[in-house]
Amino acid sequence: MNRRRIFSGIQPTGTLHLGNYLGAVQNWVALQNAGDAECIYCIVDYHAITIDYDLHHLASLTVDLARDLFACGLDPEISTVFVQSQVPEHTELAWVFQAACTSYGELQRMTQFKAKAEEQSFVSAGLFTYPALQAADILLYQATHVPVGEDQVQHLELAREISRRFNSRFGNTFPEVRPLLTAAPRIMSLRDPDKKMSKSSGEGHYLSLSATQEEMGKMIQRAVTDVGPLPDGSMGSGVKNLFDILQALDDRGIYDQLMAAYREGHLKYVDLKAAVADAVCRTVGSIQERRLSFSPERVQELLREGADRIRPQAEETMATVRERIGLADL
Ligand code: TYM
């Protein structure tokens with residue numbers, strides 16, 4: 001049977017936020033539960049060191065993130081969840097891609113590099129070549145489908161180009177990867193809804209999955225909505241963002257009721273915010289509850305098992321790659 005193979009990654013740069021959950025992780029769980037694909041999910045710590053980071057916290061952030069992922073519903077019996085640096089073939093394949101399959105011009109066009117470079121005082125070469133490591137993550141396991149938020153689509157287009165270039169130069173080896181987007185692929189900042197929700201924008205912009213119910217309620221209450229409809233009559237970005245969040249979490253038909261009220265011109269933003277707060281608190285509350293059932297020790301054990309399970313696939317791909325690119329087999 002030819003099962004779809006799914007791969008995705010996330011950086012251990014701090015607490016999970018609602019954008020990560022609605023743009024990616026919720027879909028990781030849904031794809032796992034659909035049962036028709038092999039699912040591989042990776043915490044990409046080698047990516048996380050391309051920007052300023054605290055070396056004393058990297059290991060604990062990695063374990064905390066894995067704990068959150070399991071709490072969100074990833075099941076280690078079904079999906080493989082592991083840490084990138086536990087499988088050194090990631091960086092080895094990344095080097096091959098950088099050296100022989102990725103052009104300088106392509107990397108220069110990456111919008112995420114430009115945005116991140118502006119936030120760093122030291123712009124490393126690794127930040128620049130980051131998408132080649134991302135392509136290696138995916139292709140090491142011959143993955144075909146990659147569930148991500150919209151901000152990763154450009155990187156995946158480059159991954160397709162890298163695999164095409166490898167195949168035409170060295171022989172058919174890698175599949176073409178495709179992004180899988182959710183209905184909420186771009187959750188916006190609550191404070192500045194024209195920017196995507198991200199931790200790097202700072203407090204007030206993102207809704208952490210570790211926040212208390214009270215904190216979440218307050219942040220949603222304060223979310224910017226007052227920009228009103230745009231001149232062409234379309235919905236303002238703050239209101240649209242709240243509707244997107246509600247639609248992704250609502251299982252009670254409240255989205256439809258409030259959207260009808262909006263269309264008829266009598267929606268009260270307090271009602272929209274109360275519905276969003278209720279939906280967010282219910283979902284995040286149950287994630288936080290499940291989190292307690294995974295001790296950090298157990299999480300580390302699960303991550304080690306994940307890496308042990310997946311490593312042979314990485315070794316096999318790398319052996320093929322070494323041979324195809326003409327390295328000596330000594
Ligand atoms: P990262 O760690 O920034 O984000 C993890 C996932 O969350 C999604 N996401 C969002 N989705 C919707 N709205 C938002 N505001 C939002 N913010 C983040 C991201 O799109 C992502 O899917 N380069 C990747 C990590 C990576 C990777 C990979 C992904 C490394 N190797 C291989 C896929 C395949 C990143 O920095 O994601």
# chains A, B, ... in the order shown; residues from 1 in each chain; ligands from 1
>>> closest_atom_pairs(of="chain A", to="ligand 1", cutoff="7 Å", atoms="only C-alpha atoms and all ligand atoms", output="CSV")
residue,atom,partner,partner_atom_place_in_ligand_line,distance
A:Phe7,CA,ligand 1,34 (C),6.1
A:Ser8,CA,ligand 1,33 (C),4.0
A:Gly9,CA,ligand 1,27 (C),3.8
A:Ile10,CA,ligand 1,2 (O),3.7
A:Gln11,CA,ligand 1,2 (O),3.8
A:Pro12,CA,ligand 1,2 (O),6.9
A:Gly19,CA,ligand 1,14 (C),3.7
A:Asn20,CA,ligand 1,7 (O),3.6
A:Tyr21,CA,ligand 1,7 (O),6.7
A:Leu22,CA,ligand 1,12 (C),6.1
A:Gly23,CA,ligand 1,11 (N),3.4
A:Ala24,CA,ligand 1,22 (O),4.8
A:Val44,CA,ligand 1,30 (C),5.7
A:His47,CA,ligand 1,30 (C),6.5
A:Leu133,CA,ligand 1,31 (N),6.8
A:Gln134,CA,ligand 1,31 (N),3.9
A:Ala135,CA,ligand 1,32 (C),6.5
A:Asp137,CA,ligand 1,32 (C),5.4
A:Ile138,CA,ligand 1,32 (C),5.4
A:Val146,CA,ligand 1,34 (C),6.0
A:Pro147,CA,ligand 1,22 (O),6.5
A:Val148,CA,ligand 1,22 (O),3.3
A:Gly149,CA,ligand 1,20 (O),3.1
A:Glu150,CA,ligand 1,20 (O),5.5
A:Asp151,CA,ligand 1,20 (O),5.0
A:Gln152,CA,ligand 1,20 (O),5.0
A:Ala184,CA,ligand 1,12 (C),6.5
A:Pro185,CA,ligand 1,12 (C),4.5
A:Arg186,CA,ligand 1,13 (N),3.6
A:Ile187,CA,ligand 1,13 (N),3.8
A:Met188,CA,ligand 1,15 (N),5.4
A:Lys196,CA,ligand 1,15 (N),4.6
A:Met197,CA,ligand 1,15 (N),3.9
A:Ser198,CA,ligand 1,17 (N),5.6
>>> residues_around(residues="segment 310-316 of chain A", least_positions_apart="5", cutoff="8 Å", atoms="only C-alpha atoms", output="PDB file with N, CA, C and O atoms, in the first residue's frame")
ATOM      1  N   THR A  80       5.477   9.567  14.775  1.00  0.00           N
ATOM      2  CA  THR A  80       6.844   9.623  15.292  1.00  0.00           C
ATOM      3  C   THR A  80       7.151  11.071  15.638  1.00  0.00           C
ATOM      4  O   THR A  80       7.037  11.949  14.784  1.00  0.00           O
ATOM      5  N   VAL A  87      19.226  13.113  15.102  1.00  0.00           N
ATOM      6  CA  VAL A  87      19.425  12.395  13.837  1.00  0.00           C
ATOM      7  C   VAL A  87      20.350  13.264  12.964  1.00  0.00           C
ATOM      8  O   VAL A  87      19.907  14.128  12.222  1.00  0.00           O
ATOM      9  N   GLU A  89      21.844  13.048  10.313  1.00  0.00           N
ATOM     10  CA  GLU A  89      21.699  13.075   8.846  1.00  0.00           C
ATOM     11  C   GLU A  89      20.981  14.335   8.359  1.00  0.00           C
ATOM     12  O   GLU A  89      21.122  14.729   7.205  1.00  0.00           O
ATOM     13  N   HIS A  90      20.205  14.994   9.245  1.00  0.00           N
ATOM     14  CA  HIS A  90      19.530  16.238   8.821  1.00  0.00           C
ATOM     15  C   HIS A  90      20.555  17.274   8.349  1.00  0.00           C
ATOM     16  O   HIS A  90      20.400  17.882   7.297  1.00  0.00           O
ATOM     17  N   LEU A 140      14.599  13.854   3.732  1.00  0.00           N
ATOM     18  CA  LEU A 140      15.296  12.726   4.373  1.00  0.00           C
ATOM     19  C   LEU A 140      14.338  11.551   4.580  1.00  0.00           C
ATOM     20  O   LEU A 140      14.751  10.394   4.578  1.00  0.00           O
ATOM     21  N   TYR A 141      13.059  11.850   4.755  1.00  0.00           N
ATOM     22  CA  TYR A 141      12.057  10.798   4.994  1.00  0.00           C
ATOM     23  C   TYR A 141      11.151  10.604   3.791  1.00  0.00           C
ATOM     24  O   TYR A 141      10.083  10.001   3.901  1.00  0.00           O
TER      25      TYR A 141
END
>>> closest_residue(among="A:Gly126, A:Pro175, A:Pro296, A:Gly326", to="Tyr46 of chain A", atoms="only C-alpha atoms")
A:Gly126
>>> atom_distance(atom1="atom CA of Asp250 of chain A", atom2="atom CA of Thr283 of chain A")
9.6 Å
>>> select_by_dssp(residues="segment 66-241 of chain A", states="helix (DSSP H, G or I)", output="PyMOL selection string")
chain A and resi 66-72+84-86+89-100+104-108+111-119+125-139+150-170+199-201+213-221+237-241
>>> residues_around(residues="Gly238 of chain A", least_positions_apart="6", cutoff="10 Å", atoms="only C-alpha atoms", output="PDB file with all heavy atoms, in the first residue's frame")
ATOM      1  N   MET A 188      -3.533  36.204  12.928  1.00  0.00           N
ATOM      2  CA  MET A 188      -2.873  37.500  13.036  1.00  0.00           C
ATOM      3  C   MET A 188      -2.667  37.904  14.501  1.00  0.00           C
ATOM      4  O   MET A 188      -3.325  37.378  15.407  1.00  0.00           O
ATOM      5  CB  MET A 188      -3.702  38.566  12.301  1.00  0.00           C
ATOM      6  CG  MET A 188      -4.062  38.189  10.867  1.00  0.00           C
ATOM      7  SD  MET A 188      -2.647  37.697   9.864  1.00  0.00           S
ATOM      8  CE  MET A 188      -2.027  39.296   9.382  1.00  0.00           C
ATOM      9  N   SER A 189      -1.787  38.862  14.696  1.00  0.00           N
ATOM     10  CA  SER A 189      -1.538  39.408  16.036  1.00  0.00           C
ATOM     11  C   SER A 189      -2.826  40.011  16.588  1.00  0.00           C
ATOM     12  O   SER A 189      -3.588  40.631  15.856  1.00  0.00           O
ATOM     13  CB  SER A 189      -0.456  40.490  15.927  1.00  0.00           C
ATOM     14  OG  SER A 189      -0.589  41.417  16.974  1.00  0.00           O
ATOM     15  N   LEU A 190      -3.051  39.830  17.889  1.00  0.00           N
ATOM     16  CA  LEU A 190      -4.267  40.404  18.488  1.00  0.00           C
ATOM     17  C   LEU A 190      -4.146  41.916  18.628  1.00  0.00           C
ATOM     18  O   LEU A 190      -5.125  42.632  18.615  1.00  0.00           O
ATOM     19  CB  LEU A 190      -4.516  39.782  19.866  1.00  0.00           C
ATOM     20  CG  LEU A 190      -4.834  38.284  19.853  1.00  0.00           C
ATOM     21  CD1 LEU A 190      -5.020  37.773  21.277  1.00  0.00           C
ATOM     22  CD2 LEU A 190      -6.075  37.982  19.022  1.00  0.00           C
ATOM     23  N   ARG A 191      -2.916  42.386  18.771  1.00  0.00           N
ATOM     24  CA  ARG A 191      -2.720  43.822  18.984  1.00  0.00           C
ATOM     25  C   ARG A 191      -2.542  44.580  17.674  1.00  0.00           C
ATOM     26  O   ARG A 191      -2.885  45.746  17.571  1.00  0.00           O
ATOM     27  CB  ARG A 191      -1.479  44.020  19.874  1.00  0.00           C
ATOM     28  CG  ARG A 191      -1.296  45.453  20.289  1.00  0.00           C
ATOM     29  CD  ARG A 191      -0.175  45.590  21.274  1.00  0.00           C
ATOM     30  NE  ARG A 191      -0.545  45.155  22.600  1.00  0.00           N
ATOM     31  CZ  ARG A 191       0.313  45.098  23.618  1.00  0.00           C
ATOM     32  NH1 ARG A 191       1.582  45.416  23.441  1.00  0.00           N
ATOM     33  NH2 ARG A 191      -0.098  44.712  24.805  1.00  0.00           N
ATOM     34  N   ASP A 192      -1.986  43.882  16.667  1.00  0.00           N
ATOM     35  CA  ASP A 192      -1.734  44.530  15.380  1.00  0.00           C
ATOM     36  C   ASP A 192      -2.152  43.533  14.285  1.00  0.00           C
ATOM     37  O   ASP A 192      -1.324  42.808  13.735  1.00  0.00           O
ATOM     38  CB  ASP A 192      -0.237  44.872  15.281  1.00  0.00           C
ATOM     39  CG  ASP A 192       0.095  45.534  13.967  1.00  0.00           C
ATOM     40  OD1 ASP A 192      -0.814  45.691  13.129  1.00  0.00           O
ATOM     41  OD2 ASP A 192       1.267  45.899  13.770  1.00  0.00           O
ATOM     42  N   PRO A 193      -3.465  43.483  13.992  1.00  0.00           N
ATOM     43  CA  PRO A 193      -3.976  42.395  13.138  1.00  0.00           C
ATOM     44  C   PRO A 193      -3.550  42.460  11.676  1.00  0.00           C
ATOM     45  O   PRO A 193      -3.986  41.637  10.882  1.00  0.00           O
ATOM     46  CB  PRO A 193      -5.500  42.517  13.285  1.00  0.00           C
ATOM     47  CG  PRO A 193      -5.754  43.882  13.797  1.00  0.00           C
ATOM     48  CD  PRO A 193      -4.528  44.341  14.526  1.00  0.00           C
ATOM     49  N   ASP A 194      -2.665  43.411  11.342  1.00  0.00           N
ATOM     50  CA  ASP A 194      -2.111  43.375   9.988  1.00  0.00           C
ATOM     51  C   ASP A 194      -0.796  42.605   9.953  1.00  0.00           C
ATOM     52  O   ASP A 194      -0.209  42.419   8.889  1.00  0.00           O
ATOM     53  CB  ASP A 194      -1.921  44.803   9.443  1.00  0.00           C
ATOM     54  CG  ASP A 194      -3.279  45.457   9.203  1.00  0.00           C
ATOM     55  OD1 ASP A 194      -4.204  44.729   8.765  1.00  0.00           O
ATOM     56  OD2 ASP A 194      -3.439  46.654   9.495  1.00  0.00           O
ATOM     57  N   ALA A 223      -8.338  42.641  22.199  1.00  0.00           N
ATOM     58  CA  ALA A 223      -7.922  42.490  20.785  1.00  0.00           C
ATOM     59  C   ALA A 223      -8.444  43.667  19.966  1.00  0.00           C
ATOM     60  O   ALA A 223      -9.564  44.133  20.162  1.00  0.00           O
ATOM     61  CB  ALA A 223      -8.472  41.176  20.228  1.00  0.00           C
ATOM     62  N   VAL A 224      -7.612  44.128  19.048  1.00  0.00           N
ATOM     63  CA  VAL A 224      -7.977  45.300  18.228  1.00  0.00           C
ATOM     64  C   VAL A 224      -9.062  44.918  17.215  1.00  0.00           C
ATOM     65  O   VAL A 224      -8.890  44.003  16.418  1.00  0.00           O
ATOM     66  CB  VAL A 224      -6.718  45.820  17.479  1.00  0.00           C
ATOM     67  CG1 VAL A 224      -7.092  46.870  16.449  1.00  0.00           C
ATOM     68  CG2 VAL A 224      -5.715  46.366  18.474  1.00  0.00           C
ATOM     69  N   THR A 225     -10.207  45.620  17.294  1.00  0.00           N
ATOM     70  CA  THR A 225     -11.285  45.384  16.313  1.00  0.00           C
ATOM     71  C   THR A 225     -11.771  46.705  15.743  1.00  0.00           C
ATOM     72  O   THR A 225     -12.530  46.731  14.785  1.00  0.00           O
ATOM     73  CB  THR A 225     -12.519  44.739  16.985  1.00  0.00           C
ATOM     74  OG1 THR A 225     -12.771  45.428  18.208  1.00  0.00           O
ATOM     75  CG2 THR A 225     -12.343  43.280  17.237  1.00  0.00           C
ATOM     76  N   ASP A 226     -11.325  47.812  16.357  1.00  0.00           N
ATOM     77  CA  ASP A 226     -12.001  49.081  16.092  1.00  0.00           C
ATOM     78  C   ASP A 226     -11.606  49.764  14.791  1.00  0.00           C
ATOM     79  O   ASP A 226     -11.971  50.882  14.541  1.00  0.00           O
ATOM     80  CB  ASP A 226     -11.819  50.043  17.269  1.00  0.00           C
ATOM     81  CG  ASP A 226     -10.364  50.229  17.612  1.00  0.00           C
ATOM     82  OD1 ASP A 226      -9.512  49.703  16.874  1.00  0.00           O
ATOM     83  OD2 ASP A 226     -10.061  50.888  18.613  1.00  0.00           O
ATOM     84  N   VAL A 227     -10.836  49.024  13.948  1.00  0.00           N
ATOM     85  CA  VAL A 227     -10.519  49.648  12.667  1.00  0.00           C
ATOM     86  C   VAL A 227     -11.744  49.715  11.736  1.00  0.00           C
ATOM     87  O   VAL A 227     -11.767  50.491  10.794  1.00  0.00           O
ATOM     88  CB  VAL A 227      -9.329  48.951  11.951  1.00  0.00           C
ATOM     89  CG1 VAL A 227      -8.017  49.414  12.515  1.00  0.00           C
ATOM     90  CG2 VAL A 227      -9.465  47.448  12.042  1.00  0.00           C
ATOM     91  N   GLY A 228     -12.776  48.887  12.065  1.00  0.00           N
ATOM     92  CA  GLY A 228     -14.031  48.948  11.296  1.00  0.00           C
ATOM     93  C   GLY A 228     -13.881  48.372   9.901  1.00  0.00           C
ATOM     94  O   GLY A 228     -12.791  47.948   9.524  1.00  0.00           O
ATOM     95  N   PRO A 229     -14.982  48.330   9.136  1.00  0.00           N
ATOM     96  CA  PRO A 229     -14.890  47.784   7.786  1.00  0.00           C
ATOM     97  C   PRO A 229     -13.990  48.648   6.911  1.00  0.00           C
ATOM     98  O   PRO A 229     -13.840  49.841   7.158  1.00  0.00           O
ATOM     99  CB  PRO A 229     -16.332  47.816   7.270  1.00  0.00           C
ATOM    100  CG  PRO A 229     -17.169  48.334   8.364  1.00  0.00           C
ATOM    101  CD  PRO A 229     -16.302  48.839   9.464  1.00  0.00           C
ATOM    102  N   ASP A 244     -11.902  34.078  12.185  1.00  0.00           N
ATOM    103  CA  ASP A 244     -11.100  32.914  11.762  1.00  0.00           C
ATOM    104  C   ASP A 244     -10.809  31.997  12.948  1.00  0.00           C
ATOM    105  O   ASP A 244     -10.892  30.770  12.841  1.00  0.00           O
ATOM    106  CB  ASP A 244      -9.759  33.366  11.159  1.00  0.00           C
ATOM    107  CG  ASP A 244      -9.918  33.913   9.749  1.00  0.00           C
ATOM    108  OD1 ASP A 244     -11.010  33.772   9.171  1.00  0.00           O
ATOM    109  OD2 ASP A 244      -8.942  34.512   9.234  1.00  0.00           O
TER     110      ASP A 244
END
>>> closest_residue(among="A:Met216, A:Leu58, A:Ala132, A:Val29", to="Gly204 of chain A", atoms="only C-alpha atoms")
A:Met216
>>> closest_residue(among="A:Lys268, A:Cys39, A:Val83, A:Val284", to="Gly306 of chain A", atoms="only C-alpha atoms")
A:Val83
>>> residues_around(residues="Val96 of chain A", least_positions_apart="6", cutoff="9 Å", atoms="only C-alpha atoms", output="mmCIF file with N, CA and C atoms, in the first residue's frame")
data_model
loop_
_atom_site.group_PDB
_atom_site.id
_atom_site.type_symbol
_atom_site.label_atom_id
_atom_site.label_comp_id
_atom_site.auth_asym_id
_atom_site.auth_seq_id
_atom_site.Cartn_x
_atom_site.Cartn_y
_atom_site.Cartn_z
ATOM 1 N N ALA A 132 17.419 25.328 3.262
ATOM 2 C CA ALA A 132 18.022 24.082 2.764
ATOM 3 C C ALA A 132 17.958 23.006 3.847
ATOM 4 N N ALA A 136 15.923 19.468 3.765
ATOM 5 C CA ALA A 136 16.553 18.208 4.171
ATOM 6 C C ALA A 136 15.677 17.474 5.190
ATOM 7 N N VAL A 321 22.088 9.001 -1.093
ATOM 8 C CA VAL A 321 22.544 10.323 -1.538
ATOM 9 C C VAL A 321 24.064 10.334 -1.717
ATOM 10 N N ARG A 322 24.779 9.787 -0.761
ATOM 11 C CA ARG A 322 26.253 9.788 -0.857
ATOM 12 C C ARG A 322 26.698 9.093 -2.130
ATOM 13 N N ILE A 325 25.747 11.197 -5.377
ATOM 14 C CA ILE A 325 26.498 12.431 -5.670
ATOM 15 C C ILE A 325 27.982 12.155 -5.921
#
>>> closest_residue(among="A:Arg298, A:Arg4, A:His145, A:Arg291", to="Leu209 of chain A", atoms="only C-alpha atoms")
A:Arg291
>>> closest_residue(among="A:Glu157, A:Asp271, A:Asp64, A:Asp75", to="Ile220 of chain A", atoms="only C-alpha atoms")
A:Asp271
>>> select_by_dssp(residues="segment 167-330 of chain A", states="strand (DSSP E or B)", output="number ranges by chain")
A: 178-180, 188, 196, 208
>>> write_last_selection(atoms="all heavy atoms", output="PDB file, in the first residue's frame")
ATOM      1  N   ARG A 178       4.353  18.854  -1.037  1.00  0.00           N
ATOM      2  CA  ARG A 178       3.212  19.780  -1.148  1.00  0.00           C
ATOM      3  C   ARG A 178       2.807  20.274   0.223  1.00  0.00           C
ATOM      4  O   ARG A 178       2.725  19.485   1.168  1.00  0.00           O
ATOM      5  CB  ARG A 178       2.004  19.022  -1.684  1.00  0.00           C
ATOM      6  CG  ARG A 178       2.061  18.875  -3.148  1.00  0.00           C
ATOM      7  CD  ARG A 178       0.656  18.686  -3.663  1.00  0.00           C
ATOM      8  NE  ARG A 178       0.700  17.557  -4.576  1.00  0.00           N
ATOM      9  CZ  ARG A 178      -0.281  16.715  -4.763  1.00  0.00           C
ATOM     10  NH1 ARG A 178      -1.390  16.838  -4.061  1.00  0.00           N
ATOM     11  NH2 ARG A 178      -0.164  15.748  -5.616  1.00  0.00           N
ATOM     12  N   PRO A 179       2.500  21.571   0.341  1.00  0.00           N
ATOM     13  CA  PRO A 179       2.018  22.063   1.636  1.00  0.00           C
ATOM     14  C   PRO A 179       0.564  21.645   1.872  1.00  0.00           C
ATOM     15  O   PRO A 179      -0.202  21.518   0.924  1.00  0.00           O
ATOM     16  CB  PRO A 179       2.093  23.593   1.491  1.00  0.00           C
ATOM     17  CG  PRO A 179       2.085  23.857   0.027  1.00  0.00           C
ATOM     18  CD  PRO A 179       2.621  22.630  -0.661  1.00  0.00           C
ATOM     19  N   LEU A 180       0.211  21.411   3.119  1.00  0.00           N
ATOM     20  CA  LEU A 180      -1.195  21.214   3.496  1.00  0.00           C
ATOM     21  C   LEU A 180      -1.551  22.352   4.437  1.00  0.00           C
ATOM     22  O   LEU A 180      -0.985  22.457   5.532  1.00  0.00           O
ATOM     23  CB  LEU A 180      -1.369  19.883   4.240  1.00  0.00           C
ATOM     24  CG  LEU A 180      -1.123  18.593   3.454  1.00  0.00           C
ATOM     25  CD1 LEU A 180      -1.245  17.388   4.388  1.00  0.00           C
ATOM     26  CD2 LEU A 180      -2.117  18.469   2.305  1.00  0.00           C
ATOM     27  N   MET A 188      -3.533  36.204  12.928  1.00  0.00           N
ATOM     28  CA  MET A 188      -2.873  37.500  13.036  1.00  0.00           C
ATOM     29  C   MET A 188      -2.667  37.904  14.501  1.00  0.00           C
ATOM     30  O   MET A 188      -3.325  37.378  15.407  1.00  0.00           O
ATOM     31  CB  MET A 188      -3.702  38.566  12.301  1.00  0.00           C
ATOM     32  CG  MET A 188      -4.062  38.189  10.867  1.00  0.00           C
ATOM     33  SD  MET A 188      -2.647  37.697   9.864  1.00  0.00           S
ATOM     34  CE  MET A 188      -2.027  39.296   9.382  1.00  0.00           C
ATOM     35  N   LYS A 196       1.314  38.967  11.269  1.00  0.00           N
ATOM     36  CA  LYS A 196       0.964  37.611  11.714  1.00  0.00           C
ATOM     37  C   LYS A 196       1.273  37.437  13.202  1.00  0.00           C
ATOM     38  O   LYS A 196       2.178  38.105  13.733  1.00  0.00           O
ATOM     39  CB  LYS A 196       1.656  36.567  10.843  1.00  0.00           C
ATOM     40  CG  LYS A 196       2.996  36.170  11.331  1.00  0.00           C
ATOM     41  CD  LYS A 196       3.596  35.008  10.597  1.00  0.00           C
ATOM     42  CE  LYS A 196       4.991  34.886  11.183  1.00  0.00           C
ATOM     43  NZ  LYS A 196       5.925  34.053  10.613  1.00  0.00           N
ATOM     44  N   SER A 208      -0.501  32.705  24.197  1.00  0.00           N
ATOM     45  CA  SER A 208       0.271  31.519  24.550  1.00  0.00           C
ATOM     46  C   SER A 208      -0.652  30.399  25.023  1.00  0.00           C
ATOM     47  O   SER A 208      -1.599  30.639  25.773  1.00  0.00           O
ATOM     48  CB  SER A 208       1.247  31.893  25.665  1.00  0.00           C
ATOM     49  OG  SER A 208       1.674  30.724  26.322  1.00  0.00           O
TER      50      SER A 208
END
